[in-house]
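Visitor: The following file, start.cif, comprises mmCIF, C-alpha atoms; chains and numbers go by the auth columns:
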data_model
loop_
_atom_site.group_PDB
_atom_site.id
_atom_site.type_symbol
_atom_site.label_atom_id
_atom_site.label_comp_id
_atom_site.label_asym_id
_atom_site.label_seq_id
_atom_site.Cartn_x
_atom_site.Cartn_y
_atom_site.Cartn_z
_atom_site.B_iso_or_equiv
_atom_site.auth_seq_id
_atom_site.auth_asym_id
ATOM 1 C CA MET A 1 11.685 -18.766 -101.751 0.00 6 H
ATOM 2 C CA LEU A 2 14.101 -16.246 -103.228 0.00 7 H
ATOM 3 C CA GLU A 3 13.417 -12.509 -103.197 0.00 8 H
ATOM 4 C CA LYS A 4 13.293 -12.478 -107.011 0.00 9 H
ATOM 5 C CA ASP A 5 10.509 -15.079 -106.907 0.00 10 H
ATOM 6 C CA ILE A 6 8.500 -12.889 -104.528 0.00 11 H
ATOM 7 C CA VAL A 7 9.106 -9.850 -106.759 0.00 12 H
ATOM 8 C CA ASN A 8 7.935 -11.735 -109.853 0.00 13 H
ATOM 9 C CA ALA A 9 4.788 -12.995 -108.107 0.00 14 H
ATOM 10 C CA ILE A 10 3.943 -9.463 -106.912 0.00 15 H
ATOM 11 C CA LEU A 11 4.538 -7.976 -110.372 0.00 16 H
ATOM 12 C CA LYS A 12 2.282 -10.597 -111.922 0.00 17 H
ATOM 13 C CA VAL A 13 -0.643 -9.930 -109.588 0.00 18 H
ATOM 14 C CA LEU A 14 -0.275 -6.143 -109.867 0.00 19 H
ATOM 15 C CA ARG A 15 -0.279 -6.257 -113.666 0.00 20 H
ATOM 16 C CA ILE A 16 -3.279 -8.607 -113.744 0.00 21 H
ATOM 17 C CA ARG A 17 -5.136 -6.058 -111.591 0.00 22 H
ATOM 18 C CA GLY A 18 -4.342 -3.222 -114.026 0.00 23 H
ATOM 19 C CA TYR A 19 -1.409 -1.603 -112.234 0.00 24 H
ATOM 20 C CA TRP A 20 1.618 -0.331 -114.117 0.00 25 H
ATOM 21 C CA ALA A 21 4.487 -1.992 -112.248 0.00 26 H
ATOM 22 C CA GLU A 22 8.222 -2.392 -112.776 0.00 27 H
ATOM 23 C CA LYS A 23 11.131 -3.946 -110.898 0.00 28 H
ATOM 24 C CA ILE A 24 13.797 -1.351 -110.180 0.00 29 H
ATOM 25 C CA HIS A 25 17.356 -2.558 -110.664 0.00 30 H
ATOM 26 C CA GLY A 26 19.901 -0.688 -108.567 0.00 31 H
ATOM 27 C CA GLY A 27 22.658 1.187 -110.281 0.00 32 H
ATOM 28 C CA PRO A 28 25.129 4.013 -109.773 0.00 33 H
ATOM 29 C CA TYR A 29 22.613 6.675 -110.872 0.00 34 H
ATOM 30 C CA GLN A 30 19.757 5.469 -108.677 0.00 35 H
ATOM 31 C CA ARG A 31 19.031 6.879 -105.262 0.00 36 H
ATOM 32 C CA MET A 32 19.894 4.518 -102.411 0.00 37 H
ATOM 33 C CA GLY A 33 16.855 2.986 -100.747 0.00 38 H
ATOM 34 C CA THR A 34 14.573 3.135 -103.784 0.00 39 H
ATOM 35 C CA PRO A 35 11.920 0.404 -103.385 0.00 40 H
ATOM 36 C CA ASP A 36 12.273 -2.778 -105.434 0.00 41 H
ATOM 37 C CA ILE A 37 8.940 -2.261 -107.205 0.00 42 H
ATOM 38 C CA ILE A 38 7.585 1.046 -108.437 0.00 43 H
ATOM 39 C CA ALA A 39 3.957 0.991 -109.518 0.00 44 H
ATOM 40 C CA CYS A 40 1.006 3.190 -110.395 0.00 45 H
ATOM 41 C CA SER A 41 -2.528 2.138 -109.517 0.00 46 H
ATOM 42 C CA PRO A 42 -5.360 2.321 -112.061 0.00 47 H
ATOM 43 C CA GLN A 43 -6.519 5.368 -110.058 0.00 48 H
ATOM 44 C CA GLY A 44 -3.149 7.099 -110.508 0.00 49 H
ATOM 45 C CA GLN A 45 -1.674 6.496 -107.037 0.00 50 H
ATOM 46 C CA PHE A 46 2.128 6.164 -106.823 0.00 51 H
ATOM 47 C CA ILE A 47 3.258 2.981 -105.058 0.00 52 H
ATOM 48 C CA GLY A 48 6.671 1.837 -103.828 0.00 53 H
ATOM 49 C CA ILE A 49 7.116 -1.712 -102.561 0.00 54 H
ATOM 50 C CA GLU A 50 10.276 -2.847 -100.804 0.00 55 H
ATOM 51 C CA VAL A 51 10.382 -6.633 -101.148 0.00 56 H
ATOM 52 C CA LYS A 52 12.059 -8.784 -98.509 0.00 57 H
ATOM 53 C CA ARG A 53 12.266 -12.493 -97.867 0.00 58 H
ATOM 54 C CA PRO A 54 10.344 -13.533 -94.744 0.00 59 H
ATOM 55 C CA GLY A 55 12.422 -12.786 -91.661 0.00 60 H
ATOM 56 C CA LYS A 56 14.539 -10.116 -93.373 0.00 61 H
ATOM 57 C CA GLU A 57 14.286 -6.457 -92.394 0.00 62 H
ATOM 58 C CA PRO A 58 14.582 -3.285 -94.490 0.00 63 H
ATOM 59 C CA THR A 59 17.606 -1.080 -93.959 0.00 64 H
ATOM 60 C CA PRO A 60 17.316 2.319 -92.263 0.00 65 H
ATOM 61 C CA VAL A 61 17.778 3.972 -95.677 0.00 66 H
ATOM 62 C CA GLN A 62 14.947 1.907 -97.164 0.00 67 H
ATOM 63 C CA LEU A 63 12.677 2.816 -94.246 0.00 68 H
ATOM 64 C CA ARG A 64 13.519 6.503 -94.694 0.00 69 H
ATOM 65 C CA VAL A 65 12.618 6.385 -98.409 0.00 70 H
ATOM 66 C CA ILE A 66 9.333 4.611 -97.582 0.00 71 H
ATOM 67 C CA ALA A 67 8.542 7.399 -95.106 0.00 72 H
ATOM 68 C CA GLU A 68 9.401 10.081 -97.694 0.00 73 H
ATOM 69 C CA ILE A 69 7.102 8.481 -100.282 0.00 74 H
ATOM 70 C CA ARG A 70 4.273 8.418 -97.731 0.00 75 H
ATOM 71 C CA GLU A 71 4.929 12.048 -96.761 0.00 76 H
ATOM 72 C CA ALA A 72 4.669 12.989 -100.449 0.00 77 H
ATOM 73 C CA GLY A 73 1.235 11.326 -100.672 0.00 78 H
ATOM 74 C CA GLY A 74 2.233 7.994 -102.178 0.00 79 H
ATOM 75 C CA ILE A 75 1.756 4.497 -100.871 0.00 80 H
ATOM 76 C CA ALA A 76 4.904 2.695 -99.715 0.00 81 H
ATOM 77 C CA PHE A 77 5.454 -0.423 -97.661 0.00 82 H
ATOM 78 C CA VAL A 78 7.517 -3.566 -97.136 0.00 83 H
ATOM 79 C CA ALA A 79 6.131 -6.840 -98.487 0.00 84 H
ATOM 80 C CA THR A 80 7.261 -10.425 -98.021 0.00 85 H
ATOM 81 C CA SER A 81 4.451 -11.952 -100.101 0.00 86 H
ATOM 82 C CA VAL A 82 1.629 -11.294 -102.528 0.00 87 H
ATOM 83 C CA GLU A 83 -0.718 -11.474 -99.532 0.00 88 H
ATOM 84 C CA ASP A 84 1.091 -8.507 -97.923 0.00 89 H
ATOM 85 C CA VAL A 85 0.469 -6.510 -101.115 0.00 90 H
ATOM 86 C CA ARG A 86 -3.197 -7.515 -101.213 0.00 91 H
ATOM 87 C CA LYS A 87 -3.627 -6.351 -97.613 0.00 92 H
ATOM 88 C CA GLU A 88 -1.843 -3.032 -98.140 0.00 93 H
ATOM 89 C CA LEU A 89 -3.639 -2.215 -101.397 0.00 94 H
ATOM 90 C CA GLU A 90 -6.940 -3.723 -100.236 0.00 95 H
ATOM 91 C CA PHE A 91 -7.700 -6.013 -103.162 0.00 96 H
#
In structure tokens, write the structure found in this file.
Guide:
Amino acid sequence: MLEKDIVNAILKVLRIRGYWAEKIHGGPYQRMGTPDIIACSPQGQFIGIEVKRPGKEPTPVQLRVIAEIREAGGIAFVATSVEDVRKELEF
């Protein structure tokens, strides 16, 4: 399965559950390490999801951004499947 397929499956389930969710496309004006999916829960919680294919690891920069989001009070994690997202967000 390609990473884009995992991203699309995650976006679909988040939107069905009432989350605002968008895929972030990297560009020259974007901060390095920004998670692939930025979302907001129905309760207003900021969420960043770094999507990886199974067996792939996030870069040190991606891990640092995940830590910064958590330190700021948001939810951030790495997901390789919809099931990972369900576990992290507890739905």
Visitor: Could you tell me, as a VMD selection string, exactly which residues end up selected when the PyMOL selection byres ((chain H and resi 70) around 10) is applied to this structure?
Guide: chain H and resid 36 to 40 53 55 65 to 69 71 to 76 81 to 82
Visitor: Please enumerate the residues selected by the PyMOL selection byres ((chain H and resi 58) around 6) when evaluated against the supplied file, formatted as an MDAnalysis selection string.
Guide: chainID H and resid 8 57 59 61 85
Visitor: Which value, in Å to one decimal, gives the distance between CA of Leu7 (chain H) and CA of Gly79 (chain H)?
Guide: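 Here the two named atoms are 27.0 Å from each other.
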Visitor: Identify all residues satisfying the PyMOL selection byres ((chain H and resi 86) around 12) in the given file; provide them as a ChimeraX atom specification.
Guide: /H:6-16,18,54-60,82-85,87-93
Visitor: Enter the distance from CA of Asp41 (chain H) to CA of Ala77 (chain H), in Å, rounded to one decimal.
Guide: 18.2 Å
Visitor: Nearest to Ser46 (chain H) among H:Ile29, H:Glu95, H:Thr64, H:Tyr34, with distances taken over all atoms listed in the file: which residue is it?
Guide: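 Between H:Ile29, H:Glu95, H:Thr64, H:Tyr34, the residue approaching Ser46 (chain H) most closely is H:Glu95.
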Visitor: Name all residues at most 8 Å from region 23-27 of chain H (count only C-alpha atoms; drop same-chain ones fewer than 6 positions away) and give them as a ChimeraX atom specification.
Guide: /H:16,42-47
Visitor: Work out how far CA of Leu19 (chain H) is from CA of Phe96 (chain H), in Å to one decimal.
Guide: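 Going from CA of Phe96 (chain H) over to CA of Leu19 (chain H), I get 10.0 Å.
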Visitor: Restricting the calculation to all atoms listed in the file: of H:Ile80, H:Lys28, H:Glu62, H:Ile21, which residue gets closest to Gly49 (chain H)?
Guide: H:Ile80
